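J.: Okay, here's the structure, questions in a sec.
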Amino acid sequence: MNLNHFNINEIRAQFPILSRQVYGKPLVYFDNAATTQKPLCVIERERDYYLHENCNIHRGVHYLSQMATEAYENARKTVAQFINARHAEEIVFTRGTTESLNLLATSLGQLLINQGDKVVVSAMEHHSNMVPWQQMLLRTPVISTEAKRSGEISSNNLLVIRMDKNGVLDLNHYEELLKQKPKIVSITHISNTLGTVNPVREMIAMAHRYDIPVIVDGAQSMAHQVIDVQDLDCDFYVFSGHKMYAPMGIGGLYGKMEWLEKMPPYQFGGEMVDKVSFEQTTFNKVPFKFEAGTPNVGAALGLETAVRFIQSIDRQEVEAYEDELLRYATERLSGIEGMRFIGQAPKRNGLISFVIDGIHPYDLGTIIDKMGVAVRTGHHCAEPVMTFFGIPGTVRASFAMYNTKEEIDIFVKAVDKAAAMLR
């Protein structure tokens with residue numbers, strides 16, 4: 001498939017689910033930050049693999065195994081080129097962002113974290129980029145049992161970059177945290193709750209002045225922005241396929257080769273070994289030492305196809321179109337009585353979070369759903385963010401390239417009607 005230009009009707013035609021109805025009404029799907037829908041080419045590629053190529057990889061000399069292995073490694077090369085990694089081997093396939101971050105908390109943590117060491121995260125992180133670091137620090141010997149019970153770990157070893165009420169990180173505070181010589185910085189590129197686009201290039205450069213490696217959580221950015229890991233100079237970049245039109249259960253971890261070679265394995269078993277005896281085991285080379293067991297080959301090929309689908313459309317036109325959807329939705333929602341946006345950073349991307357005075361987000365979301373509009377309600381796996389704003393959760397509408405202004409009109413009308421019913 002090669003669209004070469006941005007044509008909303010051609011794009012929507014690639015997503016049959018967008019034509020279905022729910023509760024007798026046309027589906028309006030605004031839950032893309034949770035997962036995007038999948039184009040026909042991705043669905044067909046995964047199906048084709050199981051029909052014609054299905055085999056375990058890297059382990060057989062027969063035709064199907066060789067065929068599947070070549071396809072899988074070509075997918076790795078495609079992903080590497082997509083984010084401009086220096087080497088294909090710098091891409092480790094995982095189940096997604098969460099597994100990638102757990103891999104780093106385990107392997108990079110084991111390599112770098114000793115007694116009393118600290119890790120920096122931001123106040124807007126998804127639980128997946130906070131809890132693994134928190135738990136890794138709790139396992140270090142310096143933390144006493146009493147400290148673990150009292151929760152002192154949160155303030156003593158996990159350093160949190162402050163943000164303001166607009167959802168903008170305080171870079172002066174970040175600089176002060178860097179002066180405490182943490183061993184790792186792990187930050188989100190785009191907040192899944194606020195839509196804030198963080199200045200990660202600047203934040204990476206700041207950390208590198210102190211020789212601190214930086215991990216970037218790219219779960220929300222891969223589908224919306226052009227990512228160049230060499231230009232960013234990040235040490236690690238992690239992402240999920242299912243948020244960028246690929247199947248669930250596949251994603252990746254980019255890491256600079258010098259780090260990946262030094263890090264110990266994350267899991268043990270088949271594929272990641274070199275030589276095994278009862279006396280000693282040696283490990284495979286990068287990236288295979290991080291890919292224990294049978295991989296999800298079909299999903300990896302689906303991920304490659306999703307990347308090619310994204311590349312087939314002018315990226316600048318897509319970004320401009322999605323920015324226009326965000327502006328239009330913000331403008332239309334602003335007219336609803338009691339509307340309060342959560343997160344109003346100057347640079348946002350992909351989503352709107354809001355509450356309406358006196359109405360619980362779950363109640364609002366439930367009624368909106370009955371009108372055929374799919375949004376997300378709750379804390380969005382970012383409870384500290386909700387605590388900061390003093391709210392139980394938000395309604396989150398998140399957009400993709402296949403959404404339209406007409407859908408936004410339906411959404412706004414549904415919100416207004418639901419709010420009137422609940423007042």
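Residues in the structure tokens are named by chain (A, B, ... in the order shown) and by number from 1 within that chain; ligands are numbered from 1 in the order shown.
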So which bits of region 10-75 of chain A end up alpha helix (DSSP H) when you DSSP the backbone, as number ranges by chain?
T.: A: 10-13, 40-48, 63-75
J.: Now that the selection is made, can you save its residues with N, CA and C atoms as a compact mmCIF listing (two decimals), in the first residue's frame?
T.:
# COMPACT_ATOMS: atom_id res chain seq x y z
N GLU A 10 -9.41 7.56 2.20
CA GLU A 10 -8.58 6.40 1.89
C GLU A 10 -8.03 5.77 3.16
N ILE A 11 -7.65 6.62 4.10
CA ILE A 11 -7.10 6.09 5.35
C ILE A 11 -8.17 5.34 6.12
N ARG A 12 -9.33 5.94 6.28
CA ARG A 12 -10.41 5.28 7.04
C ARG A 12 -10.84 3.97 6.40
N ALA A 13 -10.72 3.87 5.10
CA ALA A 13 -11.10 2.64 4.40
C ALA A 13 -10.20 1.47 4.78
N LEU A 40 -6.02 -2.94 7.56
CA LEU A 40 -6.14 -4.24 6.90
C LEU A 40 -4.79 -4.85 6.57
N CYS A 41 -3.84 -4.03 6.15
CA CYS A 41 -2.53 -4.57 5.76
C CYS A 41 -1.83 -5.25 6.92
N VAL A 42 -2.00 -4.73 8.14
CA VAL A 42 -1.40 -5.34 9.33
C VAL A 42 -2.09 -6.66 9.66
N ILE A 43 -3.41 -6.63 9.63
CA ILE A 43 -4.18 -7.85 9.92
C ILE A 43 -3.85 -8.94 8.90
N GLU A 44 -3.77 -8.56 7.64
CA GLU A 44 -3.49 -9.54 6.59
C GLU A 44 -2.06 -10.07 6.66
N ARG A 45 -1.12 -9.23 7.08
CA ARG A 45 0.28 -9.71 7.18
C ARG A 45 0.41 -10.75 8.27
N GLU A 46 -0.21 -10.51 9.41
CA GLU A 46 -0.13 -11.49 10.49
C GLU A 46 -0.85 -12.79 10.09
N ARG A 47 -1.98 -12.65 9.45
CA ARG A 47 -2.72 -13.83 8.99
C ARG A 47 -1.89 -14.61 7.98
N ASP A 48 -1.24 -13.90 7.06
CA ASP A 48 -0.44 -14.55 6.03
C ASP A 48 0.73 -15.34 6.64
N TYR A 63 13.36 -25.12 5.35
CA TYR A 63 12.92 -23.97 4.57
C TYR A 63 12.06 -22.99 5.37
N LEU A 64 11.03 -23.50 6.06
CA LEU A 64 10.12 -22.60 6.78
C LEU A 64 10.84 -21.84 7.89
N SER A 65 11.73 -22.51 8.59
CA SER A 65 12.46 -21.84 9.67
C SER A 65 13.35 -20.74 9.11
N GLN A 66 14.03 -21.02 8.01
CA GLN A 66 14.88 -20.02 7.39
C GLN A 66 14.05 -18.83 6.89
N MET A 67 12.89 -19.14 6.33
CA MET A 67 12.00 -18.10 5.79
C MET A 67 11.49 -17.20 6.91
N ALA A 68 11.03 -17.81 8.00
CA ALA A 68 10.50 -17.04 9.12
C ALA A 68 11.60 -16.23 9.80
N THR A 69 12.80 -16.82 9.92
CA THR A 69 13.92 -16.11 10.54
C THR A 69 14.29 -14.87 9.74
N GLU A 70 14.35 -15.02 8.43
CA GLU A 70 14.69 -13.88 7.57
C GLU A 70 13.64 -12.77 7.69
N ALA A 71 12.37 -13.16 7.71
CA ALA A 71 11.29 -12.17 7.82
C ALA A 71 11.38 -11.43 9.16
N TYR A 72 11.64 -12.17 10.22
CA TYR A 72 11.72 -11.58 11.57
C TYR A 72 12.88 -10.59 11.66
N GLU A 73 14.03 -10.98 11.13
CA GLU A 73 15.20 -10.09 11.21
C GLU A 73 15.04 -8.90 10.27
N ASN A 74 14.34 -9.08 9.17
CA ASN A 74 14.04 -7.93 8.31
C ASN A 74 13.11 -6.93 9.02
N ALA A 75 12.19 -7.47 9.83
CA ALA A 75 11.33 -6.59 10.63
C ALA A 75 12.16 -5.77 11.60
J.: Using only C-alpha atoms, which residues sit within 10 Å of Ala382 (chain A) once same-chain residues fewer than 5 positions away are excluded, as a list of chain:residue names?
T.: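 Once the adjacent positions are removed, what remains is A:Ala123, A:Met124, A:Glu125, A:His126, A:His127, A:Ser128, A:Asn129, A:Met130, A:Ser191, A:Asn192, A:Thr193, A:Thr387, A:Gly393.
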J.: What does the file look like for those residues with N, CA, C and O atoms, as an mmCIF file, in the first residue's frame?
T.:
data_model
loop_
_atom_site.group_PDB
_atom_site.id
_atom_site.type_symbol
_atom_site.label_atom_id
_atom_site.label_comp_id
_atom_site.auth_asym_id
_atom_site.auth_seq_id
_atom_site.Cartn_x
_atom_site.Cartn_y
_atom_site.Cartn_z
ATOM 1 N N ALA A 123 6.938 13.785 37.301
ATOM 2 C CA ALA A 123 5.667 13.735 38.026
ATOM 3 C C ALA A 123 4.515 13.273 37.155
ATOM 4 O O ALA A 123 3.424 13.019 37.670
ATOM 5 N N MET A 124 4.720 13.142 35.846
ATOM 6 C CA MET A 124 3.612 12.770 34.954
ATOM 7 C C MET A 124 3.758 11.365 34.388
ATOM 8 O O MET A 124 3.095 11.010 33.419
ATOM 9 N N GLU A 125 4.598 10.531 35.006
ATOM 10 C CA GLU A 125 4.848 9.218 34.422
ATOM 11 C C GLU A 125 3.664 8.259 34.550
ATOM 12 O O GLU A 125 2.934 8.262 35.540
ATOM 13 N N HIS A 126 3.520 7.424 33.532
ATOM 14 C CA HIS A 126 2.668 6.240 33.586
ATOM 15 C C HIS A 126 3.242 5.303 34.642
ATOM 16 O O HIS A 126 4.444 5.296 34.905
ATOM 17 N N HIS A 127 2.374 4.514 35.277
ATOM 18 C CA HIS A 127 2.856 3.574 36.294
ATOM 19 C C HIS A 127 4.002 2.703 35.773
ATOM 20 O O HIS A 127 4.897 2.317 36.538
ATOM 21 N N SER A 128 3.985 2.373 34.483
ATOM 22 C CA SER A 128 5.010 1.490 33.914
ATOM 23 C C SER A 128 6.390 2.122 33.916
ATOM 24 O O SER A 128 7.400 1.411 33.810
ATOM 25 N N ASN A 129 6.457 3.444 34.013
ATOM 26 C CA ASN A 129 7.752 4.113 34.083
ATOM 27 C C ASN A 129 8.011 4.689 35.461
ATOM 28 O O ASN A 129 8.828 5.587 35.625
ATOM 29 N N MET A 130 7.324 4.168 36.444
ATOM 30 C CA MET A 130 7.558 4.576 37.818
ATOM 31 C C MET A 130 7.710 3.355 38.735
ATOM 32 O O MET A 130 8.706 3.204 39.429
ATOM 33 N N SER A 191 3.036 12.720 27.565
ATOM 34 C CA SER A 191 2.250 12.225 28.692
ATOM 35 C C SER A 191 0.957 11.579 28.205
ATOM 36 O O SER A 191 0.222 12.166 27.401
ATOM 37 N N ASN A 192 0.660 10.386 28.718
ATOM 38 C CA ASN A 192 -0.572 9.693 28.327
ATOM 39 C C ASN A 192 -1.803 10.269 29.025
ATOM 40 O O ASN A 192 -2.924 9.911 28.671
ATOM 41 N N THR A 193 -1.610 11.133 30.003
ATOM 42 C CA THR A 193 -2.738 11.724 30.719
ATOM 43 C C THR A 193 -2.957 13.190 30.367
ATOM 44 O O THR A 193 -4.095 13.666 30.376
ATOM 45 N N THR A 387 -3.672 12.661 41.798
ATOM 46 C CA THR A 387 -3.475 13.169 43.157
ATOM 47 C C THR A 387 -2.987 14.618 43.116
ATOM 48 O O THR A 387 -3.452 15.472 43.881
ATOM 49 N N GLY A 393 -10.065 11.259 38.602
ATOM 50 C CA GLY A 393 -9.726 10.812 37.261
ATOM 51 C C GLY A 393 -10.200 11.838 36.251
ATOM 52 O O GLY A 393 -10.688 12.915 36.622
#
J.: Compare A:Met339, A:Met257, A:Met244, A:Val197 by their minimum atom-to-atom distance to Gly302 (chain A), counting only C-alpha atoms, and give me the closest one.
T.: A:Met244
J.: Using only C-alpha atoms, pick whichever of A:Phe93, A:Phe309, A:Trp133, A:Phe82 has the shortest atom-to-atom distance to Pro39 (chain A).
T.: A:Phe309
J.: For a quick check of understanding, using only C-alpha atoms, which of A:Ile215, A:Ala34, A:Leu422, A:Cys55 has the smallest distance to Asp363 (chain A)?
T.: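 Using only C-alpha atoms, the shortest distance to Asp363 (chain A) belongs to A:Leu422.
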J.: Quick one: DSSP strand (DSSP E) residues in region 30-220 of chain A, as a list in words?
T.: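 Strand (DSSP E) members of region 30-220 of chain A, listed: Ile91, Val92, Phe93, Thr94, Val119, Val120, Val121, Ser122, Leu158, Leu159, Val160, Ile161, Ile184, Val185, Ser186, Ile187, Thr188, Val214, Ile215, Val216 and Asp217 of chain A.
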J.: Go ahead and dump the residues you just picked, N, CA and C atoms, as a PDB file, in the first residue's frame.
T.:
ATOM      1  N   ILE A  91      17.879  -2.896  18.320  1.00  0.00           N
ATOM      2  CA  ILE A  91      16.451  -3.081  18.551  1.00  0.00           C
ATOM      3  C   ILE A  91      16.222  -4.443  19.209  1.00  0.00           C
ATOM      4  N   VAL A  92      15.665  -4.421  20.408  1.00  0.00           N
ATOM      5  CA  VAL A  92      15.273  -5.638  21.112  1.00  0.00           C
ATOM      6  C   VAL A  92      13.756  -5.729  21.049  1.00  0.00           C
ATOM      7  N   PHE A  93      13.230  -6.813  20.506  1.00  0.00           N
ATOM      8  CA  PHE A  93      11.780  -6.994  20.487  1.00  0.00           C
ATOM      9  C   PHE A  93      11.293  -7.427  21.868  1.00  0.00           C
ATOM     10  N   THR A  94      10.225  -6.780  22.335  1.00  0.00           N
ATOM     11  CA  THR A  94       9.602  -7.100  23.621  1.00  0.00           C
ATOM     12  C   THR A  94       8.093  -7.165  23.404  1.00  0.00           C
ATOM     13  N   VAL A 119      17.313   7.331  41.148  1.00  0.00           N
ATOM     14  CA  VAL A 119      16.774   7.342  39.790  1.00  0.00           C
ATOM     15  C   VAL A 119      15.819   8.527  39.679  1.00  0.00           C
ATOM     16  N   VAL A 120      15.857   9.218  38.547  1.00  0.00           N
ATOM     17  CA  VAL A 120      14.976  10.364  38.296  1.00  0.00           C
ATOM     18  C   VAL A 120      13.860   9.959  37.336  1.00  0.00           C
ATOM     19  N   VAL A 121      12.627  10.269  37.720  1.00  0.00           N
ATOM     20  CA  VAL A 121      11.467  10.166  36.833  1.00  0.00           C
ATOM     21  C   VAL A 121      10.730  11.506  36.916  1.00  0.00           C
ATOM     22  N   SER A 122       9.650  11.643  36.161  1.00  0.00           N
ATOM     23  CA  SER A 122       8.902  12.898  36.233  1.00  0.00           C
ATOM     24  C   SER A 122       7.568  12.690  36.942  1.00  0.00           C
ATOM     25  N   LEU A 158      13.840   7.693  44.761  1.00  0.00           N
ATOM     26  CA  LEU A 158      13.164   7.965  43.500  1.00  0.00           C
ATOM     27  C   LEU A 158      12.911   9.466  43.439  1.00  0.00           C
ATOM     28  N   LEU A 159      13.701  10.151  42.644  1.00  0.00           N
ATOM     29  CA  LEU A 159      13.616  11.610  42.553  1.00  0.00           C
ATOM     30  C   LEU A 159      12.616  11.985  41.471  1.00  0.00           C
ATOM     31  N   VAL A 160      11.694  12.892  41.793  1.00  0.00           N
ATOM     32  CA  VAL A 160      10.574  13.194  40.898  1.00  0.00           C
ATOM     33  C   VAL A 160      10.642  14.649  40.433  1.00  0.00           C
ATOM     34  N   ILE A 161      10.735  14.845  39.119  1.00  0.00           N
ATOM     35  CA  ILE A 161      10.750  16.195  38.545  1.00  0.00           C
ATOM     36  C   ILE A 161       9.376  16.827  38.720  1.00  0.00           C
ATOM     37  N   ILE A 184      20.305   7.041  36.808  1.00  0.00           N
ATOM     38  CA  ILE A 184      19.457   6.852  35.632  1.00  0.00           C
ATOM     39  C   ILE A 184      18.388   7.945  35.613  1.00  0.00           C
ATOM     40  N   VAL A 185      18.052   8.433  34.419  1.00  0.00           N
ATOM     41  CA  VAL A 185      16.883   9.288  34.205  1.00  0.00           C
ATOM     42  C   VAL A 185      15.936   8.535  33.274  1.00  0.00           C
ATOM     43  N   SER A 186      14.654   8.458  33.639  1.00  0.00           N
ATOM     44  CA  SER A 186      13.659   7.782  32.798  1.00  0.00           C
ATOM     45  C   SER A 186      12.423   8.672  32.701  1.00  0.00           C
ATOM     46  N   ILE A 187      12.144   9.182  31.504  1.00  0.00           N
ATOM     47  CA  ILE A 187      11.102  10.196  31.333  1.00  0.00           C
ATOM     48  C   ILE A 187      10.216   9.863  30.137  1.00  0.00           C
ATOM     49  N   THR A 188       8.969  10.327  30.213  1.00  0.00           N
ATOM     50  CA  THR A 188       8.044  10.127  29.104  1.00  0.00           C
ATOM     51  C   THR A 188       8.243  11.196  28.036  1.00  0.00           C
ATOM     52  N   VAL A 214      19.878   8.226  29.771  1.00  0.00           N
ATOM     53  CA  VAL A 214      18.479   8.628  29.734  1.00  0.00           C
ATOM     54  C   VAL A 214      17.653   7.609  28.954  1.00  0.00           C
ATOM     55  N   ILE A 215      16.538   7.211  29.571  1.00  0.00           N
ATOM     56  CA  ILE A 215      15.544   6.347  28.945  1.00  0.00           C
ATOM     57  C   ILE A 215      14.346   7.220  28.587  1.00  0.00           C
ATOM     58  N   VAL A 216      13.821   7.062  27.375  1.00  0.00           N
ATOM     59  CA  VAL A 216      12.634   7.796  26.962  1.00  0.00           C
ATOM     60  C   VAL A 216      11.498   6.808  26.715  1.00  0.00           C
ATOM     61  N   ASP A 217      10.371   7.046  27.391  1.00  0.00           N
ATOM     62  CA  ASP A 217       9.153   6.270  27.188  1.00  0.00           C
ATOM     63  C   ASP A 217       8.428   6.862  25.986  1.00  0.00           C
TER      64      ASP A 217
END
J.: How many Å lie between CA of Phe388 (chain A) and CA of Val168 (chain A), rounded to one decimal?
T.: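 Answer for the CA of Phe388 (chain A) to CA of Val168 (chain A) separation: 12.8 Å.
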J.: Considering only C-alpha atoms, state which residue in the set A:His208, A:Lys285, A:Lys262, A:His189 is at the smallest distance from Asp235 (chain A).
T.: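 Ranked by minimum distance to Asp235 (chain A), first place goes to A:His208.
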J.: Have a look at CA of Pro361 (chain A) and CA of Ile410 (chain A) and let me know their distance in Å, one decimal.
T.: 18.3 Å
J.: Near region 322-328 of chain A, counting only C-alpha atoms, which residues have an atom at most 9 Å away, once you skip same-chain residues fewer than 6 positions from it, shown as a ChimeraX atom specification?
T.: /A:224,348-352,398-401,403-405,408
J.: Just C-alpha atoms for this one: save the residues we selected as a PDB file, in the first residue's frame.
T.:
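Wrote it out as result_4.pdb, contents follow:
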ATOM      1  CA  HIS A 224       2.387  10.899  16.179  1.00  0.00           C
ATOM      2  CA  ARG A 348       0.562  19.018  23.417  1.00  0.00           C
ATOM      3  CA  ASN A 349      -0.140  16.111  21.137  1.00  0.00           C
ATOM      4  CA  GLY A 350      -2.796  13.510  20.569  1.00  0.00           C
ATOM      5  CA  LEU A 351      -5.233  13.854  23.450  1.00  0.00           C
ATOM      6  CA  ILE A 352      -7.441  15.947  25.711  1.00  0.00           C
ATOM      7  CA  SER A 398      -7.331  10.674  22.192  1.00  0.00           C
ATOM      8  CA  PHE A 399      -7.021  11.040  18.444  1.00  0.00           C
ATOM      9  CA  ALA A 400      -5.440   9.219  15.522  1.00  0.00           C
ATOM     10  CA  MET A 401      -4.938   9.998  11.851  1.00  0.00           C
ATOM     11  CA  ASN A 403     -10.442  10.532  13.168  1.00  0.00           C
ATOM     12  CA  THR A 404     -12.464  13.454  11.799  1.00  0.00           C
ATOM     13  CA  LYS A 405     -13.934  16.798  12.815  1.00  0.00           C
ATOM     14  CA  ILE A 408     -15.530  15.494  17.216  1.00  0.00           C
TER      15      ILE A 408
END
J.: Which is closer to Ile190 (chain A) than all the others in A:Lys347, A:Gln267, A:Gly251, A:Lys289, using only C-alpha atoms?
T.: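 The shortest atom-to-atom distance to Ile190 (chain A) comes from A:Lys347.
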J.: Could you check which of A:Pro392, A:Thr281, A:Phe239, A:Phe341 is closest to Ser100 (chain A), using only C-alpha atoms?
T.: A:Phe239
J.: Report, in Å with one decimal, the straight-line distance from CA of Lys165 (chain A) to CA of Gly343 (chain A).
T.: 7.1 Å
J.: Do you know which residues are at most 7 Å from region 368-379 of chain A counting only C-alpha atoms, after dropping those on the same chain fewer than 2 positions away, and could you put them as an MDAnalysis selection string?
T.: chainID A and resid 22:23 25:31 361:362 364:366 381:383 386 392:397 411 414:415 418
